[in-house]
Structures are given as structure tokens and as C-alpha cells.
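Novice: Can you keep this structure in mind? I'll have questions shortly.
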Amino acid sequence: MAELRAYAALLGGQWRSLMSYRASFLVEMITNIGGTALDLLAVLVIFRTTRTLAGFTLPEAVLMVSLSSCAFNLADFLVGNIDRLKTYVRTGMLDAVLVRPLGTLAQLVVMDLPLRKALRLALAVGVLVVALRFNDIDWTPARVVLVAVVPVAGAVFFGSIFVLSASLAFWWVDSGELGNAFTYGGRDFTAYPVPVYAGWFRAVFAYGLGFGFVSYQPALALLGRADPLGLPGWTGFVSPLVALAAAGIAALAWRSGIRHYRSTGS
Amino acid sequence: MDRLDARVPRISPHRPFRDSLATFAALSWSGFQRYITYRQATIAGSFTNIVFGFLRCYVLLAVAAGAVGGRPAGYDAAQLTTFVWVGQGLLTVVALWGWTELADRIRSGEVTADLLRPVHPVISYLAPDLGRALHALLFRFVPPVVVGLIFFDPYLPGRWFTVPLFALSVLLAVVGSMGVRFLVNATAYWLHDARGPIILWTLSAGLLAGLYFPLRFLPDWLAVTLWVATPFPGLLQTPLDVLIERDSTIVQVALVVLQACWAAVLLALCALVQRRAERRLVAQGG
């Protein structure tokens, strides 16, 4: 109970700091919606110049981008700010977090819960609903469950990627933008059908790192389409397993990172 | 003793031009040196630029493969390849993202120290920024371009004047970008916290400068409006279109002239905003 109160106090502090710069908060909130709209806009603009992208039509592509942005925005909202860990490590602010009798990861998340990103998530879900309407989907119980599970599994997956790339700061303080290649890069990768990419790059991102199971394979399962790349139909349903595996790896990396952490001193 | 005046009009009354130039060069050099120290961040950043290069390049190549005649908006596959990889390199040269130095200094009040210096505040930010751009040109521009050359089949310019014109266009893009960033940061004089405007800039910069997709993918009327009415295409799309020779020679030169006009307008606006802000600024604390 006392712990919950402590978290609530951290959240309340954040809320007060937001409310003291109200104009800026409002602008941030509105521009954050733009962030999600942008992914969608890019897809729409691209389909102005071509009728199909790697054999997929506009509604199919929108379904993929919306699954991807639901997953990414949910993860970004909950743990996205963990990428500021490198600043905390460099300035030694992490020490203050570690001496408190609360969970480290939970504190970092609550200390900076980006309330401004909440609307973004709502927009992503809205786009997903529209995309589901515009595609001709043969609804079976399995698909209904799938469409509810996939964004959550994807969010767990992206959240793990966020934690993993942030943990890098424990070993390499100046890792800078490196993590963005996998967090935002992953978002961009999952926004398009996998056959768009080619060669070893596709193999590494889609199957090696598992980004292919966030939106592409589940979208194929929803649409009832065979994978042009030849993966069997059941791969559309494995995204929760992929997410769990990623979460396990991320938890391990985070723990050994915390143990490895030696304060920067002052 | 003469009258005391906090405003020193020039550095040396005897050789004003030469000394201003020396100051400008020294400031630029300091900007260059500062970024030289961030060696690991440079490597990490280049890696990220390269990953995004692969992502964007494959998407645009798929667009070219699907488009009628294989030429979406008049670009062929090789031109799009150059567009993506050189764009990934230029991204950091023109610093399309994240520069909050001025806003931070305004919020903390440190900006008052800038006003005491015998250099115009706009110049004192422009000069180090050019140094930063030079550093980026040497260490951030080259890696993605080399990777693009190795793994893909990019378009190489054919006209003899394209490369010098591209260089000029990049310089104007850096000046223009610095102008916009200065203006965005300067909103902190009025808002105290410029985070909102900075995010708005980050978002619109990528979209309206042509990072996410070439602006010519948009309807013609919209693309032309963007080019004429906003400085954004001049930050990235113009240098890239110049390099890949998307247009005839005349249009190619006209685009750079338009870019120069915008750079001049932006610098003038910066000076104006700075003057208004100085009247507004209240140094807090004691």
C-alpha cells in the first residue's frame, strides 16, 4: 500500500510539472498525435504513386501499419521514456533512483510517464478499427482473439526492445542514438509488408530479431492470405511467444545491467 | 574616461572586417572541435542512419517497382536510391533534429551571458553551427553514402556543375536550418518551455523537408506551395533534387536561388526576433 502511494506521489509530481507549462503541454499533445498520423500519411502518400506495394493493396498496408502503430504506441507510452536512461547514468541521477525502496524499472517509468502520448495510442486504435472495416475479413473466433492479442503482444515486444536498447547504456554510456535503430527502426520496419525488404537485411530484422511477427504475419493470418515468402499460416499466431521470448531476454539484460552499474561518481 | 557602453559595436575599430572574420572562424572552429569529442556518439549515430537508410531505400525501391513505368513522381530507382542514402547523410549535416541549446539557455537564464559578448547573438550561434555542420559532413555524411554505394546501385550526377551546385545548396540548407532552429528555440523567450514548438519542428521538419518521402509524391499544387511558402523543402529536398538532377538545368538553379532567398529571410527574421526578445528578457535570480 505504501509503495502504491509512493508511485502515486511520483505520478502526481509529474502532473503538477506538466500543468505549470500548460501551453507547451497542449502543443506537445497535439504534435504527438501528428507522430502517429505521420506513419499513416507516409503510407497514403506512397500509395498515390503506386497501386500495390510488394503485392499488397492500400487497405492491407493500412492494416499492417495500424497493427504496428498500436503496438509501438502502447509500448512507447508505457516504457518509451526508458531511453533516457543514458542521461540518468551519465549524470548519476540513477543513484537517486537506486537508493529508494522501490523497483528501479517501475520508478523510471512512472517518473516520466508521457501523458502527452496517450492521445497517440487512441488514434492508433481508431485507425486499426477503420482498417479492419475496409478489409474483407472472414471473422472466426480465432481471428477475433488474434486481433485483440496482437497489439498487446506487439507492445510487449517493442517494450522489450526499448528496455534492451536502454540497457546498453549500462555498458556503453555514449551509445547515443544506437537504440533508435531498433526501436524507431523497428516501428518503421513493421509499418510495411516484409516482402518490401530484401536479402540479409530482411532476414535479420524480420526473423532474426523477430519484427516480422509484430504486424506482418498476424495481418496475413487476419486476411487469410498465404505468405509470398513461404512461411506457414500458423506463424501468424506466434507473436505472443515471440514477445515473451523478447521480454525474457530484456529482463535478463536489465538485471545484469543494474548489477553491472557503477555510479559515475562526481 | 569615455562614456561606458555595454554594447560594443565591433571587435576592433581599426580592422573591423578582418577581425570579425577571425572571430567567426574561431567560433566555427570551436563548434567543430566540440563535436570531435563525441566520437562514440558519432559511430552510434552513423549506425542508426545506415539502418534507416536500408529501411527507406527498400520501401522506395518497392514503390518504384510497383509504380507505372517504374518512375514514381519522375524518379527512377537509381535516383531514389541516391535520394535516400545522401538524405541519410545530410540529415545530420543540416541537423534536422534536436537542437535545444538556445531554449535551454533561455530557460536557465544563461542566455544573458550571450548578450554580454561583443558578437551578435545570431552570429554567435550561426558560426559554431557551421563548424558542427563541417564535422557532420566529414564524419556523418560519408558513412551512409559509402554503404549506399556498396549495397545498392545509386544514381551518379552527370552534369559538371551539379556537384558544386549541390555543395552550395547544402551550405544554404545548413544556414536555413539554423535559422528555423533559432526561431523555434527563441519561442522560449515567450513560452519559457519551448518543448512543444521543438517537437512541432522535429515533426514538420522530417515530413515537410522530404525525409519520409520525396515531396514530389504529393499533389503538384501542394508541393509547389510548400516550396515557395515554407523554408522546409530547402532544408533537404532541394539539395537532394539538385544532386540527382531531377529537373532541367534552369529549374535546378532556380531551386537553389529560392533556397538562398529563404536563407536570407530566415536570418533577417532571427535578427528581428532577437531584438524583440532582448527587450522582453528578464534575467531572473540574483
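Letters A, B, ... mark the chains of the C-alpha cells in the order given; residue numbers begin at 1 per chain; ligand numbers begin at 1, in order shown.
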Can you list, as a PyMOL selection string, every protein, DNA or RNA residue that comes within 8 Å of Ser124 of chain B when you count only C-alpha atoms, leaving out same-chain residues fewer than 4 positions away?
Specialist: chain B and resi 24+27+119-120+128
Novice: Within 6 Å of chain B, which residues of chain A come that close, and what is the closest atom pair and distance in Å for each? Count only C-alpha atoms and give it as a Markdown table.
Specialist:
```
| residue | atom | partner | partner_atom | distance |
| --- | --- | --- | --- | --- |
| A:Ser24 | CA | B:Gly196 | CA | 4.7 |
| A:Val27 | CA | B:Gly196 | CA | 4.9 |
| A:Glu28 | CA | B:Gly196 | CA | 4.5 |
| A:Thr31 | CA | B:Leu200 | CA | 5.7 |
| A:Thr49 | CA | B:Pro72 | CA | 5.5 |
| A:Thr50 | CA | B:Ala67 | CA | 4.3 |
| A:Thr52 | CA | B:Gly66 | CA | 5.9 |
| A:Leu53 | CA | B:Gly66 | CA | 6.0 |
| A:Asp174 | CA | B:Ala41 | CA | 5.5 |
| A:Ser175 | CA | B:Ala44 | CA | 5.8 |
| A:Gly176 | CA | B:Ala41 | CA | 5.2 |
| A:Glu177 | CA | B:Gly45 | CA | 5.3 |
| A:Leu178 | CA | B:Ala44 | CA | 4.8 |
| A:Ala181 | CA | B:Thr48 | CA | 4.7 |
| A:Val196 | CA | B:Ala62 | CA | 5.7 |
| A:Tyr197 | CA | B:Tyr58 | CA | 5.3 |
```
Novice: Taking only C-alpha atoms into account, name the residue in A:Leu4, A:Leu229, A:Leu18, A:Ile33 that is nearest to Arg202 of chain A.
Specialist: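 With only C-alpha atoms as the atom set, the closest residue is A:Leu229.
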Novice: Could you pull out the residues in segment 6-142 of chain A that DSSP calls alpha helix (DSSP H) from the backbone, as a PyMOL selection string?
Specialist: chain A and resi 6-19+22-49+58-79+85-91+93-99+104-111+118-134+141-142
Novice: So the first atom is atom CA of Thr249 of chain B and the second is atom CA of Trp227 of chain B; what is the distance between them in Å, to one decimal place?
Specialist: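 Atom CA of Trp227 of chain B lies at a distance of 17.6 Å from atom CA of Thr249 of chain B.
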Novice: Figure out the distance between atom CA of Ala167 of chain B and atom CA of Ala264 of chain B, please, to one decimal in Å.
Specialist: 17.5 Å
Novice: So which residues touch Leu146 of chain A within 12 Å, counting only C-alpha atoms, skipping near sequence neighbours fewer than 3 positions away, as a list in words?
Specialist: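 Residues meeting the cut-off are Leu67, Trp139, Thr140, Pro141, Ala142, Arg143, Val149, Val150, Pro151, Val152, Ala153, Gly154, Val214, Ser215, Gln217, Pro218, Ala219, Leu220, Ala221, Leu222, Leu223, Trp234, Thr235, Gly236, Phe237, Val238, Ser239 and Pro240 of chain A.
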Novice: In Å to one decimal, how far is atom CA of Met178 of chain B from atom CA of Leu272 of chain B?
Specialist: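 Atom CA of Met178 of chain B lies at a distance of 15.1 Å from atom CA of Leu272 of chain B.
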Novice: Need to verify the contact set: Leu164 of chain A, 9 Å, only C-alpha atoms, exclusion of same-chain residues closer than 2 positions in sequence. Can you return it as JSON, numbers by chain?
Specialist: {"A": [159, 160, 161, 162, 166, 167, 168, 179, 249, 250, 251, 253, 254]}
Novice: Under the rule that only C-alpha atoms are counted, which of B:Val86, B:Asp114, B:Asp129, B:Thr92 is the nearest residue to Gly31 of chain B?
Specialist: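 Between B:Val86, B:Asp114, B:Asp129, B:Thr92, the residue approaching Gly31 of chain B most closely is B:Asp129.
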Novice: Please provide as an mmCIF file with N, CA and C atoms, in the first residue's frame all residues within 10 Å of Leu156 of chain B, with the sequence filter that same-chain residues fewer than 4 positions apart are discarded (counting only C-alpha atoms).
Specialist:
```
data_model
loop_
_atom_site.group_PDB
_atom_site.id
_atom_site.type_symbol
_atom_site.label_atom_id
_atom_site.label_comp_id
_atom_site.auth_asym_id
_atom_site.auth_seq_id
_atom_site.Cartn_x
_atom_site.Cartn_y
_atom_site.Cartn_z
ATOM 1 N N ALA B 78 17.316 4.272 -59.446
ATOM 2 C CA ALA B 78 18.662 4.704 -59.063
ATOM 3 C C ALA B 78 18.612 6.076 -58.384
ATOM 4 N N GLN B 79 17.777 6.975 -58.926
ATOM 5 C CA GLN B 79 17.653 8.308 -58.333
ATOM 6 C C GLN B 79 17.098 8.222 -56.916
ATOM 7 N N THR B 82 19.872 7.138 -54.523
ATOM 8 C CA THR B 82 20.729 8.267 -54.141
ATOM 9 C C THR B 82 19.992 9.189 -53.184
ATOM 10 N N LEU B 149 26.557 3.098 -51.668
ATOM 11 C CA LEU B 149 27.314 2.766 -52.870
ATOM 12 C C LEU B 149 27.659 1.282 -52.916
ATOM 13 N N LEU B 243 21.141 17.257 -56.609
ATOM 14 C CA LEU B 243 22.174 16.238 -56.807
ATOM 15 C C LEU B 243 21.724 15.160 -57.790
ATOM 16 N N ILE B 244 20.474 14.742 -57.707
ATOM 17 C CA ILE B 244 20.050 13.644 -58.585
ATOM 18 C C ILE B 244 19.487 14.151 -59.905
ATOM 19 N N GLU B 245 19.620 15.454 -60.129
ATOM 20 C CA GLU B 245 19.261 16.043 -61.421
ATOM 21 C C GLU B 245 17.845 15.672 -61.829
#
```
